[in-house]
file input-v8.csv (CSV, C-alpha atoms and all ligand atoms)
chain,number,residue,atom,x,y,z
A,1,MET,CA,-4.6,24.1,10.9
A,2,ASP,CA,-1.9,22.4,8.7
A,3,TYR,CA,-2.5,18.7,7.9
A,4,ASN,CA,-0.1,16.0,6.8
A,5,PHE,CA,-1.6,14.4,3.8
A,6,VAL,CA,-0.7,10.7,3.5
A,7,PHE,CA,-1.4,8.6,0.4
A,8,ASP,CA,-1.1,4.9,-0.5
A,9,VAL,CA,0.0,4.6,-4.1
A,10,ASP,CA,-1.4,1.5,-5.9
A,11,GLY,CA,-5.1,1.7,-6.2
A,12,THR,CA,-5.1,5.2,-4.5
A,13,LEU,CA,-2.9,7.4,-6.8
A,14,THR,CA,-2.5,5.0,-9.7
A,15,PRO,CA,-4.2,1.8,-11.0
A,16,SER,CA,-2.5,-1.1,-9.3
A,17,ARG,CA,1.0,-1.4,-10.8
A,18,GLY,CA,0.0,1.2,-13.4
A,19,LEU,CA,1.1,4.6,-14.4
A,20,MET,CA,-0.3,7.8,-12.9
A,21,ASP,CA,-2.8,9.6,-15.1
A,22,PRO,CA,-0.9,12.6,-16.6
A,23,LYS,CA,-3.6,15.2,-15.8
A,24,PHE,CA,-4.0,13.9,-12.2
A,25,LYS,CA,-0.2,14.1,-11.9
A,26,ASP,CA,-0.2,17.8,-12.8
A,27,PHE,CA,-2.9,18.4,-10.3
A,28,PHE,CA,-1.1,16.3,-7.6
A,29,GLN,CA,2.2,18.2,-8.2
A,30,GLN,CA,0.4,21.4,-7.4
A,31,PHE,CA,-1.2,19.8,-4.3
A,32,ILE,CA,2.3,18.9,-3.2
A,33,TYR,CA,3.5,22.4,-3.6
A,34,ASP,CA,0.6,23.7,-1.4
A,35,ASN,CA,0.6,21.0,1.3
A,36,ASP,CA,2.7,18.5,3.3
A,37,VAL,CA,2.4,15.3,1.4
A,38,TYR,CA,3.7,11.8,2.3
A,39,LEU,CA,3.5,8.5,0.4
A,40,VAL,CA,3.3,5.1,2.0
A,41,THR,CA,3.3,1.9,-0.1
A,42,GLY,CA,4.1,-1.8,0.2
A,43,SER,CA,6.0,-1.4,-3.1
A,44,ASP,CA,9.7,-0.6,-3.4
A,45,TYR,CA,11.1,2.8,-4.4
A,46,GLU,CA,12.0,1.6,-7.9
A,47,LYS,CA,8.4,0.7,-8.8
A,48,THR,CA,7.1,3.8,-7.2
A,49,VAL,CA,9.3,6.0,-9.4
A,50,GLU,CA,8.3,3.9,-12.4
A,51,GLN,CA,4.6,4.5,-11.7
A,52,ILE,CA,4.4,8.1,-10.5
A,53,GLY,CA,7.8,9.6,-11.6
A,54,ALA,CA,10.9,10.7,-9.9
A,55,ASP,CA,9.6,14.3,-9.8
A,56,ILE,CA,6.7,13.4,-7.6
A,57,CYS,CA,8.7,11.0,-5.4
A,58,GLU,CA,11.3,13.7,-4.9
A,59,SER,CA,8.9,16.6,-4.2
A,60,VAL,CA,6.8,14.9,-1.4
A,61,ASN,CA,8.1,15.2,2.1
A,62,THR,CA,8.9,11.5,2.5
A,63,CYS,CA,8.3,8.4,0.5
A,64,PHE,CA,7.7,5.5,2.9
A,65,ASN,CA,8.4,2.4,0.8
A,66,CYS,CA,8.0,-1.3,1.7
A,67,SER,CA,5.4,-0.1,4.3
A,68,GLY,CA,7.8,2.3,5.9
A,69,ASN,CA,10.7,-0.2,6.1
A,70,SER,CA,12.6,1.8,3.4
A,71,ILE,CA,12.5,5.6,3.7
A,72,TRP,CA,13.3,8.0,0.9
A,73,ILE,CA,13.6,11.8,1.1
A,74,SER,CA,14.3,14.0,-2.0
A,75,GLY,CA,15.4,10.9,-3.9
A,76,GLN,CA,17.9,9.9,-1.1
A,77,ASN,CA,17.6,6.6,0.7
A,78,ILE,CA,17.5,7.5,4.4
A,79,SER,CA,17.1,4.1,6.0
A,80,ASN,CA,16.3,0.4,5.2
A,81,SER,CA,15.2,-2.5,7.4
A,82,ASP,CA,17.4,-5.6,7.2
A,83,TRP,CA,14.7,-7.9,8.3
A,84,LYS,CA,14.3,-11.1,6.2
A,85,LEU,CA,11.9,-14.0,6.1
A,86,GLU,CA,13.2,-17.2,7.7
A,87,GLN,CA,13.5,-20.4,5.7
A,88,PHE,CA,10.6,-22.1,7.6
A,89,HIS,CA,8.4,-19.1,6.6
A,90,LYS,CA,9.4,-19.6,2.9
A,91,ASP,CA,8.8,-23.3,3.1
A,92,PHE,CA,5.3,-22.6,4.3
A,93,LEU,CA,4.7,-20.2,1.4
A,94,GLU,CA,6.1,-22.8,-1.1
A,95,ARG,CA,3.5,-25.3,0.3
A,96,VAL,CA,0.7,-22.7,-0.1
A,97,LEU,CA,1.9,-22.1,-3.7
A,98,LYS,CA,1.9,-25.9,-4.4
A,99,ASN,CA,-1.6,-26.5,-2.9
A,100,ASN,CA,-3.5,-23.4,-3.9
A,101,GLN,CA,-6.5,-24.1,-6.2
A,102,TYR,CA,-5.7,-21.3,-8.6
A,103,PRO,CA,-4.4,-23.1,-11.7
A,104,LEU,CA,-2.0,-20.6,-13.3
A,105,ARG,CA,1.5,-19.6,-12.2
A,106,PHE,CA,3.7,-17.0,-13.9
A,107,GLY,CA,6.8,-16.8,-11.6
A,108,ASN,CA,8.2,-14.4,-9.0
A,109,HIS,CA,5.9,-15.6,-6.3
A,110,ILE,CA,8.0,-14.6,-3.2
A,111,GLU,CA,9.5,-11.2,-3.9
A,112,GLU,CA,11.9,-10.1,-1.2
A,113,ARG,CA,12.1,-6.3,-0.7
A,114,LEU,CA,13.6,-4.2,2.1
A,115,GLY,CA,11.9,-5.3,5.3
A,116,LEU,CA,8.9,-6.7,3.4
A,117,VAL,CA,8.0,-9.7,1.3
A,118,ASN,CA,5.3,-9.7,-1.4
A,119,PHE,CA,3.8,-13.2,-1.8
A,120,SER,CA,1.6,-13.9,-4.9
A,121,VAL,CA,0.1,-17.2,-5.9
A,122,VAL,CA,-0.4,-16.2,-9.6
A,123,GLY,CA,3.1,-14.6,-9.5
A,124,ARG,CA,4.3,-11.0,-10.0
A,125,ASN,CA,5.3,-11.8,-13.6
A,126,ALA,CA,1.6,-12.2,-14.5
A,127,ASP,CA,0.5,-9.8,-17.3
A,128,GLN,CA,-2.4,-7.4,-16.9
A,129,GLU,CA,-4.9,-9.8,-18.3
A,130,ASN,CA,-3.8,-12.5,-15.8
A,131,ARG,CA,-3.7,-10.1,-13.0
A,132,LYS,CA,-7.4,-9.3,-13.6
A,133,LEU,CA,-8.3,-12.9,-14.0
A,134,TYR,CA,-6.6,-13.8,-10.7
A,135,ASN,CA,-8.1,-10.8,-8.9
A,136,ARG,CA,-11.7,-11.8,-10.0
A,137,TRP,CA,-11.1,-15.4,-8.9
A,138,ASP,CA,-9.7,-14.2,-5.6
A,139,SER,CA,-12.7,-11.9,-5.0
A,140,GLU,CA,-14.9,-15.0,-5.4
A,141,HIS,CA,-12.8,-17.4,-3.3
A,142,ASN,CA,-11.3,-15.0,-0.7
A,143,SER,CA,-8.1,-16.9,-1.2
A,144,ARG,CA,-5.6,-14.1,-0.3
A,145,GLU,CA,-7.6,-13.3,2.9
A,146,LEU,CA,-7.6,-16.9,4.0
A,147,ILE,CA,-3.8,-17.3,3.2
A,148,ALA,CA,-3.1,-14.1,5.2
A,149,GLU,CA,-5.2,-15.3,8.1
A,150,GLU,CA,-3.4,-18.7,8.1
A,151,ILE,CA,0.0,-17.0,8.2
A,152,ASN,CA,-1.1,-14.7,11.0
A,153,ARG,CA,-2.4,-17.7,13.0
A,154,ARG,CA,0.6,-19.8,12.4
A,155,PHE,CA,3.5,-17.4,13.0
A,156,GLU,CA,3.8,-15.0,15.9
A,157,ASP,CA,6.8,-13.1,14.5
A,158,ILE,CA,5.3,-12.0,11.1
A,159,GLU,CA,2.2,-10.3,9.9
A,160,ALA,CA,0.5,-10.8,6.5
A,161,GLN,CA,-2.0,-8.4,4.9
A,162,VAL,CA,-3.9,-8.4,1.5
A,163,ALA,CA,-2.2,-5.8,-0.7
A,164,GLY,CA,-2.9,-4.6,-4.3
A,165,GLU,CA,-4.6,-6.8,-6.8
A,166,ILE,CA,-2.6,-10.0,-6.7
A,167,GLY,CA,-0.4,-10.2,-3.6
A,168,ILE,CA,0.0,-10.3,0.1
A,169,ASP,CA,2.5,-8.1,1.9
A,170,ILE,CA,4.4,-9.8,4.7
A,171,VAL,CA,6.4,-7.9,7.3
A,172,GLU,CA,7.9,-8.4,10.7
A,173,ARG,CA,5.1,-8.1,13.3
A,174,GLY,CA,4.3,-4.4,14.0
A,175,LYS,CA,6.4,-3.2,11.0
A,176,ASP,CA,3.5,-2.4,8.7
A,177,LYS,CA,2.2,1.0,7.5
A,178,ARG,CA,1.2,2.1,11.0
A,179,GLN,CA,5.0,2.5,11.9
A,180,ILE,CA,5.1,5.7,9.8
A,181,LEU,CA,3.2,7.6,12.5
A,182,ASP,CA,6.5,7.6,14.5
A,183,HIS,CA,7.7,10.1,11.8
A,184,LEU,CA,4.6,12.2,11.5
A,185,HIS,CA,3.4,14.7,14.0
A,186,GLY,CA,0.2,16.7,14.2
A,187,PRO,CA,-3.1,16.5,12.2
A,188,THR,CA,-3.0,13.8,9.6
A,189,LEU,CA,-5.3,12.7,6.8
A,190,PHE,CA,-4.7,9.3,5.1
A,191,PHE,CA,-6.1,8.0,1.8
A,192,GLY,CA,-6.0,4.3,1.0
A,193,ASP,CA,-7.9,1.7,-1.0
A,194,THR,CA,-7.4,-1.2,1.4
A,195,ILE,CA,-8.8,0.3,4.6
A,196,TYR,CA,-10.7,-2.8,5.8
A,197,PRO,CA,-9.7,-5.6,8.2
A,198,GLY,CA,-7.0,-7.7,6.6
A,199,GLY,CA,-6.0,-5.0,4.1
A,200,ASN,CA,-2.5,-3.3,4.2
A,201,ASP,CA,-3.9,0.2,4.8
A,202,TYR,CA,-6.1,-0.8,7.7
A,203,SER,CA,-3.6,-0.7,10.6
A,204,LEU,CA,-2.5,2.8,9.8
A,205,ALA,CA,-6.1,4.0,9.5
A,206,GLU,CA,-6.9,2.3,12.9
A,207,ALA,CA,-3.8,3.9,14.5
A,208,LEU,CA,-4.9,7.3,13.3
A,209,LYS,CA,-8.1,7.0,15.3
A,210,ASP,CA,-6.0,7.4,18.4
A,211,ARG,CA,-4.5,10.6,17.2
A,212,ARG,CA,-6.2,14.0,17.7
A,213,TYR,CA,-7.1,15.2,14.3
A,214,GLY,CA,-6.2,11.8,12.7
A,215,PHE,CA,-8.5,10.9,9.8
A,216,SER,CA,-8.5,8.2,7.1
A,217,HIS,CA,-10.5,7.9,4.0
A,218,LEU,CA,-11.2,4.8,1.9
A,219,VAL,CA,-11.1,5.3,-1.9
A,220,LYS,CA,-12.1,2.9,-4.6
A,221,ASP,CA,-9.6,4.2,-7.1
A,222,TRP,CA,-7.3,7.2,-8.0
A,223,LYS,CA,-10.3,9.0,-9.7
A,224,GLU,CA,-12.1,9.1,-6.4
A,225,THR,CA,-8.9,10.4,-4.7
A,226,GLN,CA,-8.7,13.2,-7.3
A,227,THR,CA,-12.3,14.1,-6.6
A,228,TYR,CA,-11.6,14.4,-2.9
A,229,LEU,CA,-8.4,16.4,-3.3
A,230,LYS,CA,-10.3,18.9,-5.5
A,231,ARG,CA,-12.8,19.3,-2.7
A,232,ILE,CA,-10.0,19.6,-0.1
A,233,SER,CA,-8.2,22.3,-2.2
A,234,PHE,CA,-11.4,24.2,-2.3
A,235,ASN,CA,-12.4,23.8,1.4
A,236,LEU,CA,-10.6,21.4,3.7
A,237,GLN,CA,-12.9,22.0,6.7
A,238,GLU,CA,-16.0,21.3,4.6
A,239,PHE,CA,-14.4,18.0,3.5
A,240,LEU,CA,-13.4,17.0,7.0
A,241,ASN,CA,-16.9,17.7,8.3
A,242,SER,CA,-18.3,15.4,5.7
A,243,VAL,CA,-16.1,12.3,6.5
B,301,LIG,O1,1.1,-1.7,-2.0
B,301,LIG,C1,0.7,-3.0,-2.0
B,301,LIG,C2,1.1,-3.7,-3.3
B,301,LIG,O2,0.5,-3.0,-4.4
B,301,LIG,C3,0.7,-3.6,-5.6
B,301,LIG,O3,0.2,-4.8,-5.6
B,301,LIG,P1,-0.3,-5.7,-6.8
B,301,LIG,O4,0.8,-5.9,-7.7
B,301,LIG,O5,-0.8,-7.0,-6.1
B,301,LIG,O6,-1.5,-5.0,-7.4
B,301,LIG,C4,2.2,-3.6,-5.9
B,301,LIG,O7,2.7,-2.4,-6.0
B,301,LIG,C5,2.9,-4.4,-4.8
B,301,LIG,O8,4.2,-4.3,-5.1
B,301,LIG,C6,2.6,-3.8,-3.5
B,301,LIG,O9,3.1,-4.6,-2.5
call {"tool": "encode", "arguments": {"input": "input-v8.csv", "output": "structure tokens"}}
result
Amino acid sequence: MDYNFVFDVDGTLTPSRGLMDPKFKDFFQQFIYDNDVYLVTGSDYEKTVEQIGADICESVNTCFNCSGNSIWISGQNISNSDWKLEQFHKDFLERVLKNNQYPLRFGNHIEERLGLVNFSVVGRNADQENRKLYNRWDSEHNSRELIAEEINRRFEDIEAQVAGEIGIDIVERGKDKRQILDHLHGPTLFFGDTIYPGGNDYSLAEALKDRRYGFSHLVKDWKETQTYLKRISFNLQEFLNSV
């Protein structure tokens, strides 16, 4: 049976906002030649190319950027959502930014992408050290989860999910990663690092449960993904029986 293999990028194929490991990249390129591979990320195409390279982005079947709101095939932009946050949503985010207890701010807090907004209290301009500091603080205080819950309670038209290390992805309700299943048919196996309630890989993993031969697998980092892919390359059925 031929499977669609779907991968989140940050935290699943690369460190969050980091480059793909060169050896893993060689292995993954071969995996793409042998299988039907799709990428789905909250990030935009530019960042994805920066992290995993144009060669990988162009050789996968489809790159679903901005959680499927911007679609790329063979380096060509196929479609983009024109959805945007309303001013009253932005005013709310500005208030969160002002009142949040985390003390440091580095700029680029509301990044508007195609059909998706990434909101970050520490700011997308934070360097690696400050990303780690914020992420540790957030793990102790559950701040992003609480902000996302508040957004989801307050606004009926948008949906917020914890994404990556420092941000929250916000989309029009229903237009998160699960929408890519409209484009994928047949058996599908998805790998993501935020497959838990409130995470931006969760809705796709849940939607796959309704599909015959739909499976998801939570990974803790790209190294674990690599380990699983090696097992799959050796014996897919044995891997599926074990998950
Ligand atoms: O895919 C979700 C997010 O992953 C990364 O998040 P962070 O920078 O918080 O680690 C980024 O690629 C971000 O753009 C993306 O939305």
call {"tool": "closest_atom_pairs", "arguments": {"input": "input-v8.csv", "of": "range 87-160 of chain A", "to": "range 15-21 of chain A", "cutoff": "12 Å", "atoms": "all atoms listed in the file", "output": "CSV"}}
result
residue,atom,partner,partner_atom,distance
A:Arg124,CA,A:Arg17,CA,10.2
A:Asn125,CA,A:Arg17,CA,11.6
A:Ala126,CA,A:Arg17,CA,11.4
A:Asp127,CA,A:Arg17,CA,10.6
A:Gln128,CA,A:Arg17,CA,9.2
A:Arg131,CA,A:Ser16,CA,9.8
A:Lys132,CA,A:Ser16,CA,10.5
A:Asn135,CA,A:Ser16,CA,11.2
call {"tool": "residues_near_ligand", "arguments": {"input": "input-v8.csv", "ligand": "ligand LIG 301 (chain B)", "cutoff": "8 Å", "atoms": "all atoms listed in the file", "output": "PyMOL selection string"}}
result
chain A and resi 8-11+16-17+41-44+47-48+66-67+118+120+124+131+162-169+200
call {"tool": "closest_residue", "arguments": {"input": "input-v8.csv", "among": "A:Ile232, A:Lys223, A:His109, A:Asn99", "to": "Lys25 in chain A", "atoms": "all atoms listed in the file"}}
result
A:Lys223
call {"tool": "closest_residue", "arguments": {"input": "input-v8.csv", "among": "A:Phe239, A:Gly192, A:Phe119, A:Val60", "to": "Asp221 in chain A", "atoms": "all atoms listed in the file"}}
result
A:Gly192
call {"tool": "atom_distance", "arguments": {"input": "input-v8.csv", "atom1": "CA of Leu236 in chain A", "atom2": "CA of Ile32 in chain A"}}
result
14.8 Å
call {"tool": "residues_near_point", "arguments": {"input": "input-v8.csv", "point": "(-8.5, 1.5, 13.3)", "cutoff": "12 Å", "atoms": "all atoms listed in the file", "output": "tab-separated table (two decimals) with C-alpha atoms, in the frame of the given file"}}
result
chain	number	residue	atom	x	y	z
A	178	ARG	CA	1.20	2.10	11.00
A	190	PHE	CA	-4.70	9.30	5.10
A	195	ILE	CA	-8.80	0.30	4.60
A	196	TYR	CA	-10.70	-2.80	5.80
A	197	PRO	CA	-9.70	-5.60	8.20
A	198	GLY	CA	-7.00	-7.70	6.60
A	199	GLY	CA	-6.00	-5.00	4.10
A	200	ASN	CA	-2.50	-3.30	4.20
A	201	ASP	CA	-3.90	0.20	4.80
A	202	TYR	CA	-6.10	-0.80	7.70
A	203	SER	CA	-3.60	-0.70	10.60
A	204	LEU	CA	-2.50	2.80	9.80
A	205	ALA	CA	-6.10	4.00	9.50
A	206	GLU	CA	-6.90	2.30	12.90
A	207	ALA	CA	-3.80	3.90	14.50
A	208	LEU	CA	-4.90	7.30	13.30
A	209	LYS	CA	-8.10	7.00	15.30
A	210	ASP	CA	-6.00	7.40	18.40
A	211	ARG	CA	-4.50	10.60	17.20
A	214	GLY	CA	-6.20	11.80	12.70
A	215	PHE	CA	-8.50	10.90	9.80
A	216	SER	CA	-8.50	8.20	7.10
A	217	HIS	CA	-10.50	7.90	4.00
